[in-house]
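**Q** Handing over work-v6.pdb, PDB, C-alpha atoms.
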ATOM      1  CA  MET M   1     -14.221   9.874  -3.718  1.00  0.00           C
ATOM      2  CA  ALA M   2     -11.302   9.325  -6.054  1.00  0.00           C
ATOM      3  CA  THR M   3      -7.712   9.491  -4.899  1.00  0.00           C
ATOM      4  CA  GLU M   4      -5.759  12.623  -5.793  1.00  0.00           C
ATOM      5  CA  LYS M   5      -2.946  11.899  -8.248  1.00  0.00           C
ATOM      6  CA  GLN M   6      -0.603  14.346  -6.478  1.00  0.00           C
ATOM      7  CA  PHE M   7      -1.017  12.392  -3.216  1.00  0.00           C
ATOM      8  CA  VAL M   8      -0.095   9.168  -4.987  1.00  0.00           C
ATOM      9  CA  GLN M   9       2.922  10.618  -6.761  1.00  0.00           C
ATOM     10  CA  THR M  10       4.280  12.152  -3.560  1.00  0.00           C
ATOM     11  CA  LEU M  11       3.770   8.862  -1.749  1.00  0.00           C
ATOM     12  CA  ILE M  12       5.711   6.678  -4.198  1.00  0.00           C
ATOM     13  CA  ASP M  13       8.401   9.105  -5.385  1.00  0.00           C
ATOM     14  CA  GLY M  14      11.833   7.721  -4.519  1.00  0.00           C
ATOM     15  CA  LEU M  15      10.684   4.188  -3.692  1.00  0.00           C
ATOM     16  CA  PHE M  16      12.489   1.339  -5.470  1.00  0.00           C
ATOM     17  CA  GLU M  17      10.698  -1.513  -7.222  1.00  0.00           C
ATOM     18  CA  VAL M  18       7.357   0.195  -6.559  1.00  0.00           C
ATOM     19  CA  ARG M  19       4.830   1.204  -9.171  1.00  0.00           C
ATOM     20  CA  ILE M  20       1.169   2.070  -9.365  1.00  0.00           C
ATOM     21  CA  ARG M  21      -1.574   1.268 -11.812  1.00  0.00           C
ATOM     22  CA  PRO M  22      -4.674   3.451 -12.018  1.00  0.00           C
ATOM     23  CA  MET M  23      -7.953   1.593 -11.707  1.00  0.00           C
ATOM     24  CA  MET M  24     -11.409   3.202 -11.561  1.00  0.00           C
ATOM     25  CA  GLY M  25     -10.223   6.404  -9.883  1.00  0.00           C
ATOM     26  CA  GLU M  26      -7.982   4.608  -7.414  1.00  0.00           C
ATOM     27  CA  TYR M  27      -4.523   3.001  -7.627  1.00  0.00           C
ATOM     28  CA  VAL M  28      -3.230  -0.543  -7.270  1.00  0.00           C
ATOM     29  CA  LEU M  29       0.203  -0.653  -5.642  1.00  0.00           C
ATOM     30  CA  TYR M  30       2.856  -3.085  -6.879  1.00  0.00           C
ATOM     31  CA  CYS M  31       6.182  -3.906  -5.288  1.00  0.00           C
ATOM     32  CA  ARG M  32       8.575  -6.342  -6.907  1.00  0.00           C
ATOM     33  CA  GLU M  33       5.793  -6.942  -9.455  1.00  0.00           C
ATOM     34  CA  LYS M  34       3.368  -8.252  -6.817  1.00  0.00           C
ATOM     35  CA  VAL M  35       0.153  -6.529  -5.770  1.00  0.00           C
ATOM     36  CA  VAL M  36       0.871  -5.389  -2.213  1.00  0.00           C
ATOM     37  CA  GLY M  37      -2.044  -3.038  -1.686  1.00  0.00           C
ATOM     38  CA  GLY M  38      -3.518   0.108  -3.059  1.00  0.00           C
ATOM     39  CA  ILE M  39      -4.397   3.712  -2.553  1.00  0.00           C
ATOM     40  CA  TYR M  40      -8.110   4.193  -2.021  1.00  0.00           C
ATOM     41  CA  ASP M  41      -9.769   7.507  -1.149  1.00  0.00           C
ATOM     42  CA  ASN M  42      -6.346   8.946  -0.277  1.00  0.00           C
ATOM     43  CA  ARG M  43      -5.643   6.055   2.122  1.00  0.00           C
ATOM     44  CA  LEU M  44      -2.663   3.729   1.748  1.00  0.00           C
ATOM     45  CA  LEU M  45      -3.855   0.187   2.457  1.00  0.00           C
ATOM     46  CA  ILE M  46      -1.661  -2.907   2.300  1.00  0.00           C
ATOM     47  CA  LYS M  47      -2.201  -6.637   2.519  1.00  0.00           C
ATOM     48  CA  PRO M  48      -1.982  -7.906   6.105  1.00  0.00           C
ATOM     49  CA  VAL M  49       0.892 -10.398   5.793  1.00  0.00           C
ATOM     50  CA  PRO M  50       2.545 -11.345   9.112  1.00  0.00           C
ATOM     51  CA  LYS M  51       5.587  -9.062   8.670  1.00  0.00           C
ATOM     52  CA  ALA M  52       3.314  -6.085   7.882  1.00  0.00           C
ATOM     53  CA  GLN M  53       1.306  -6.798  11.027  1.00  0.00           C
ATOM     54  CA  GLU M  54       4.571  -6.858  12.969  1.00  0.00           C
ATOM     55  CA  LEU M  55       5.739  -3.532  11.493  1.00  0.00           C
ATOM     56  CA  LEU M  56       2.305  -1.941  12.044  1.00  0.00           C
ATOM     57  CA  PRO M  57       1.157  -3.361  15.391  1.00  0.00           C
ATOM     58  CA  ASN M  58      -1.437  -0.622  15.984  1.00  0.00           C
ATOM     59  CA  ALA M  59      -2.714  -0.244  12.429  1.00  0.00           C
ATOM     60  CA  ARG M  60      -6.436  -0.286  11.787  1.00  0.00           C
ATOM     61  CA  TYR M  61      -8.023  -2.725   9.378  1.00  0.00           C
ATOM     62  CA  GLU M  62     -10.096  -0.970   6.750  1.00  0.00           C
ATOM     63  CA  LEU M  63     -11.973  -1.984   3.626  1.00  0.00           C
ATOM     64  CA  PRO M  64     -10.662  -0.493   0.393  1.00  0.00           C
ATOM     65  CA  TYR M  65     -14.185  -0.773  -1.081  1.00  0.00           C
ATOM     66  CA  VAL M  66     -17.427  -2.582  -0.295  1.00  0.00           C
ATOM     67  CA  GLY M  67     -17.027  -6.343  -0.586  1.00  0.00           C
ATOM     68  CA  ALA M  68     -13.225  -6.345  -0.356  1.00  0.00           C
ATOM     69  CA  LYS M  69     -11.075  -8.060   2.248  1.00  0.00           C
ATOM     70  CA  PRO M  70      -9.817  -5.853   5.098  1.00  0.00           C
ATOM     71  CA  MET M  71      -6.369  -4.349   4.676  1.00  0.00           C
ATOM     72  CA  LEU M  72      -3.965  -2.549   7.005  1.00  0.00           C
ATOM     73  CA  ARG M  73      -4.029   1.240   6.879  1.00  0.00           C
ATOM     74  CA  VAL M  74      -0.600   2.854   6.708  1.00  0.00           C
ATOM     75  CA  GLU M  75      -0.271   6.341   8.160  1.00  0.00           C
ATOM     76  CA  ASN M  76       3.515   6.587   8.442  1.00  0.00           C
ATOM     77  CA  TYR M  77       4.756   7.957   5.107  1.00  0.00           C
ATOM     78  CA  ASP M  78       8.453   8.042   5.982  1.00  0.00           C
ATOM     79  CA  LYS M  79      10.202   6.843   2.801  1.00  0.00           C
ATOM     80  CA  ALA M  80      12.629   4.472   4.545  1.00  0.00           C
ATOM     81  CA  PHE M  81       9.795   2.906   6.535  1.00  0.00           C
ATOM     82  CA  LEU M  82       7.557   2.593   3.457  1.00  0.00           C
ATOM     83  CA  GLN M  83      10.341   0.934   1.488  1.00  0.00           C
ATOM     84  CA  GLU M  84      10.947  -1.612   4.257  1.00  0.00           C
ATOM     85  CA  LEU M  85       7.213  -2.224   4.662  1.00  0.00           C
ATOM     86  CA  LEU M  86       6.483  -2.698   0.964  1.00  0.00           C
ATOM     87  CA  PHE M  87       9.439  -5.043   0.502  1.00  0.00           C
ATOM     88  CA  ALA M  88       8.223  -7.026   3.529  1.00  0.00           C
ATOM     89  CA  VAL M  89       4.717  -7.330   2.106  1.00  0.00           C
ATOM     90  CA  ALA M  90       5.996  -8.374  -1.325  1.00  0.00           C
ATOM     91  CA  ASP M  91       8.336 -10.943   0.209  1.00  0.00           C
ATOM     92  CA  GLY M  92       5.522 -12.251   2.420  1.00  0.00           C
ATOM     93  CA  LEU M  93       3.187 -13.021  -0.486  1.00  0.00           C
ATOM     94  CA  LYS M  94       3.085 -16.353  -2.273  1.00  0.00           C
ATOM     95  CA  LYS M  95       4.914 -16.498  -5.566  1.00  0.00           C
TER      96      LYS M  95
END
Can I see the file as structure tokens?

**A**
Amino acid sequence: MATEKQFVQTLIDGLFEVRIRPMMGEYVLYCREKVVGGIYDNRLLIKPVPKAQELLPNARYELPYVGAKPMLRVENYDKAFLQELLFAVADGLKK
């Protein structure tokens, strides 16, 4: 099932240094020009860096697609929280 474009646009509207790139019916999520996660089947999944695990202590690990590494599912779409979370993931990734 492909992700709905309206869902994606609503999710990222108003976030700074965040962009998406469509890929095979889904979306790769960039923050500060680093891949921080994606939107797959209308699910926001992010890379499980330590700070993200701290901010999402009860998050479930889910696979974006068969054969992929598990990622953290984000269910809190509060803009301030998402901004903090995405910056934390970007900052937690290797350069």

**Q** So which one's closest to M:Leu55, M:Arg73, M:Arg21, M:Lys5, M:Arg43? Using only C-alpha atoms, please.

**A** M:Arg73

**Q** Quick one: residues within 12 Å of M:Leu56, all atoms listed in the file, excluding same-chain residues fewer than 4 positions away - as an NGL selection string?

**A** :M and (45-52 or 60-61 or 71-76 or 81-82 or 84-86 or 88-89)

**Q** How many Å lie between atom CA of M:Phe87 and atom CA of M:Arg32, rounded to one decimal?

**A** 7.6 Å

**Q** Between atom CA of M:Phe7 and atom CA of M:Asn42, what is the distance in Å, rounded to a tenth?

**A**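 We find that atom CA of M:Phe7 and atom CA of M:Asn42 lie 7.0 Å from each other.
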
**Q** I'd like to see the residues matched by the PyMOL selection byres ((chain M and resi 31) around 10) on this file, and ideally I'd get them as JSON, numbers by chain.

**A** {"M": [15, 16, 17, 18, 19, 20, 29, 30, 32, 33, 34, 35, 36, 37, 83, 86, 87, 88, 89, 90, 91]}

**Q** Around stretch 71-75 of chain M, with edges along x, y and z and 3 Å added on all six sides, what centre and edge lengths do you get, in Å to one decimal, as JSON?

**A**
{"center_x": -3.3, "center_y": 1.0, "center_z": 6.4, "size_x": 12.1, "size_y": 16.7, "size_z": 9.5}

**Q** Which value, in Å to one decimal, gives the distance between atom CA of M:Leu63 and atom CA of M:Gly14?

**A**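 So the two atoms, atom CA of M:Leu63 and atom CA of M:Gly14, lie 27.0 Å apart.
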
**Q** Name the closest residue to M:Pro22 among the candidates M:Glu62, M:Glu4, M:Asp78, M:Glu54; distances are taken between atoms, counting all atoms listed in the file.

**A** M:Glu4

**Q** Could stretch 63-88 of chain M be completed with N, CA, C and O atoms and returned as an mmCIF file, in the coordinates of the input?

**A**
data_model
loop_
_atom_site.group_PDB
_atom_site.id
_atom_site.type_symbol
_atom_site.label_atom_id
_atom_site.label_comp_id
_atom_site.auth_asym_id
_atom_site.auth_seq_id
_atom_site.Cartn_x
_atom_site.Cartn_y
_atom_site.Cartn_z
ATOM 1 N N LEU M 63 -11.595 -1.441 4.921
ATOM 2 C CA LEU M 63 -11.973 -1.984 3.626
ATOM 3 C C LEU M 63 -11.630 -0.976 2.540
ATOM 4 O O LEU M 63 -11.984 0.197 2.651
ATOM 5 N N PRO M 64 -10.951 -1.422 1.487
ATOM 6 C CA PRO M 64 -10.662 -0.493 0.393
ATOM 7 C C PRO M 64 -11.936 -0.088 -0.347
ATOM 8 O O PRO M 64 -12.054 1.027 -0.835
ATOM 9 N N TYR M 65 -12.887 -1.015 -0.443
ATOM 10 C CA TYR M 65 -14.185 -0.773 -1.081
ATOM 11 C C TYR M 65 -15.136 -1.848 -0.583
ATOM 12 O O TYR M 65 -14.711 -2.864 -0.010
ATOM 13 N N VAL M 66 -16.407 -1.648 -0.773
ATOM 14 C CA VAL M 66 -17.427 -2.582 -0.295
ATOM 15 C C VAL M 66 -17.207 -3.954 -0.932
ATOM 16 O O VAL M 66 -17.017 -4.060 -2.142
ATOM 17 N N GLY M 67 -17.190 -4.979 -0.112
ATOM 18 C CA GLY M 67 -17.027 -6.343 -0.586
ATOM 19 C C GLY M 67 -15.589 -6.829 -0.618
ATOM 20 O O GLY M 67 -15.336 -7.997 -0.909
ATOM 21 N N ALA M 68 -14.643 -5.965 -0.338
ATOM 22 C CA ALA M 68 -13.225 -6.345 -0.356
ATOM 23 C C ALA M 68 -12.806 -6.912 0.994
ATOM 24 O O ALA M 68 -13.488 -6.738 2.002
ATOM 25 N N LYS M 69 -11.651 -7.568 0.999
ATOM 26 C CA LYS M 69 -11.075 -8.060 2.248
ATOM 27 C C LYS M 69 -10.434 -6.893 2.985
ATOM 28 O O LYS M 69 -9.894 -5.969 2.365
ATOM 29 N N PRO M 70 -10.453 -6.927 4.323
ATOM 30 C CA PRO M 70 -9.817 -5.853 5.098
ATOM 31 C C PRO M 70 -8.306 -5.800 4.845
ATOM 32 O O PRO M 70 -7.659 -6.823 4.638
ATOM 33 N N MET M 71 -7.800 -4.583 4.868
ATOM 34 C CA MET M 71 -6.369 -4.349 4.676
ATOM 35 C C MET M 71 -5.874 -3.453 5.799
ATOM 36 O O MET M 71 -6.675 -2.815 6.494
ATOM 37 N N LEU M 72 -4.571 -3.403 5.977
ATOM 38 C CA LEU M 72 -3.965 -2.549 7.005
ATOM 39 C C LEU M 72 -3.798 -1.127 6.475
ATOM 40 O O LEU M 72 -3.273 -0.928 5.377
ATOM 41 N N ARG M 73 -4.214 -0.155 7.272
ATOM 42 C CA ARG M 73 -4.029 1.240 6.879
ATOM 43 C C ARG M 73 -2.663 1.720 7.346
ATOM 44 O O ARG M 73 -2.293 1.577 8.511
ATOM 45 N N VAL M 74 -1.929 2.321 6.421
ATOM 46 C CA VAL M 74 -0.600 2.854 6.708
ATOM 47 C C VAL M 74 -0.719 4.360 6.838
ATOM 48 O O VAL M 74 -1.247 5.027 5.945
ATOM 49 N N GLU M 75 -0.220 4.899 7.954
ATOM 50 C CA GLU M 75 -0.271 6.341 8.160
ATOM 51 C C GLU M 75 1.120 6.953 8.325
ATOM 52 O O GLU M 75 1.245 8.162 8.402
ATOM 53 N N ASN M 76 2.130 6.118 8.361
ATOM 54 C CA ASN M 76 3.515 6.587 8.442
ATOM 55 C C ASN M 76 4.072 6.621 7.019
ATOM 56 O O ASN M 76 4.267 5.578 6.403
ATOM 57 N N TYR M 77 4.305 7.807 6.491
ATOM 58 C CA TYR M 77 4.756 7.957 5.107
ATOM 59 C C TYR M 77 6.254 8.217 4.992
ATOM 60 O O TYR M 77 6.719 8.656 3.950
ATOM 61 N N ASP M 78 7.004 7.925 6.037
ATOM 62 C CA ASP M 78 8.453 8.042 5.982
ATOM 63 C C ASP M 78 8.970 7.100 4.895
ATOM 64 O O ASP M 78 8.619 5.904 4.874
ATOM 65 N N LYS M 79 9.758 7.616 3.966
ATOM 66 C CA LYS M 79 10.202 6.843 2.801
ATOM 67 C C LYS M 79 10.965 5.574 3.184
ATOM 68 O O LYS M 79 10.738 4.511 2.602
ATOM 69 N N ALA M 80 11.867 5.654 4.140
ATOM 70 C CA ALA M 80 12.629 4.472 4.545
ATOM 71 C C ALA M 80 11.698 3.408 5.131
ATOM 72 O O ALA M 80 11.827 2.214 4.830
ATOM 73 N N PHE M 81 10.757 3.841 5.952
ATOM 74 C CA PHE M 81 9.795 2.906 6.535
ATOM 75 C C PHE M 81 8.917 2.288 5.449
ATOM 76 O O PHE M 81 8.698 1.068 5.430
ATOM 77 N N LEU M 82 8.407 3.112 4.536
ATOM 78 C CA LEU M 82 7.557 2.593 3.457
ATOM 79 C C LEU M 82 8.308 1.580 2.603
ATOM 80 O O LEU M 82 7.748 0.548 2.225
ATOM 81 N N GLN M 83 9.562 1.867 2.298
ATOM 82 C CA GLN M 83 10.341 0.934 1.488
ATOM 83 C C GLN M 83 10.466 -0.406 2.196
ATOM 84 O O GLN M 83 10.231 -1.459 1.599
ATOM 85 N N GLU M 84 10.822 -0.375 3.477
ATOM 86 C CA GLU M 84 10.947 -1.612 4.257
ATOM 87 C C GLU M 84 9.613 -2.360 4.302
ATOM 88 O O GLU M 84 9.551 -3.575 4.112
ATOM 89 N N LEU M 85 8.540 -1.628 4.549
ATOM 90 C CA LEU M 85 7.213 -2.224 4.662
ATOM 91 C C LEU M 85 6.777 -2.868 3.351
ATOM 92 O O LEU M 85 6.313 -4.014 3.330
ATOM 93 N N LEU M 86 6.932 -2.164 2.250
ATOM 94 C CA LEU M 86 6.483 -2.698 0.964
ATOM 95 C C LEU M 86 7.312 -3.900 0.531
ATOM 96 O O LEU M 86 6.768 -4.871 -0.005
ATOM 97 N N PHE M 87 8.612 -3.863 0.786
ATOM 98 C CA PHE M 87 9.439 -5.043 0.502
ATOM 99 C C PHE M 87 8.974 -6.230 1.366
ATOM 100 O O PHE M 87 8.895 -7.353 0.889
ATOM 101 N N ALA M 88 8.669 -5.962 2.630
ATOM 102 C CA ALA M 88 8.223 -7.026 3.529
ATOM 103 C C ALA M 88 6.904 -7.632 3.057
ATOM 104 O O ALA M 88 6.734 -8.869 3.098
#
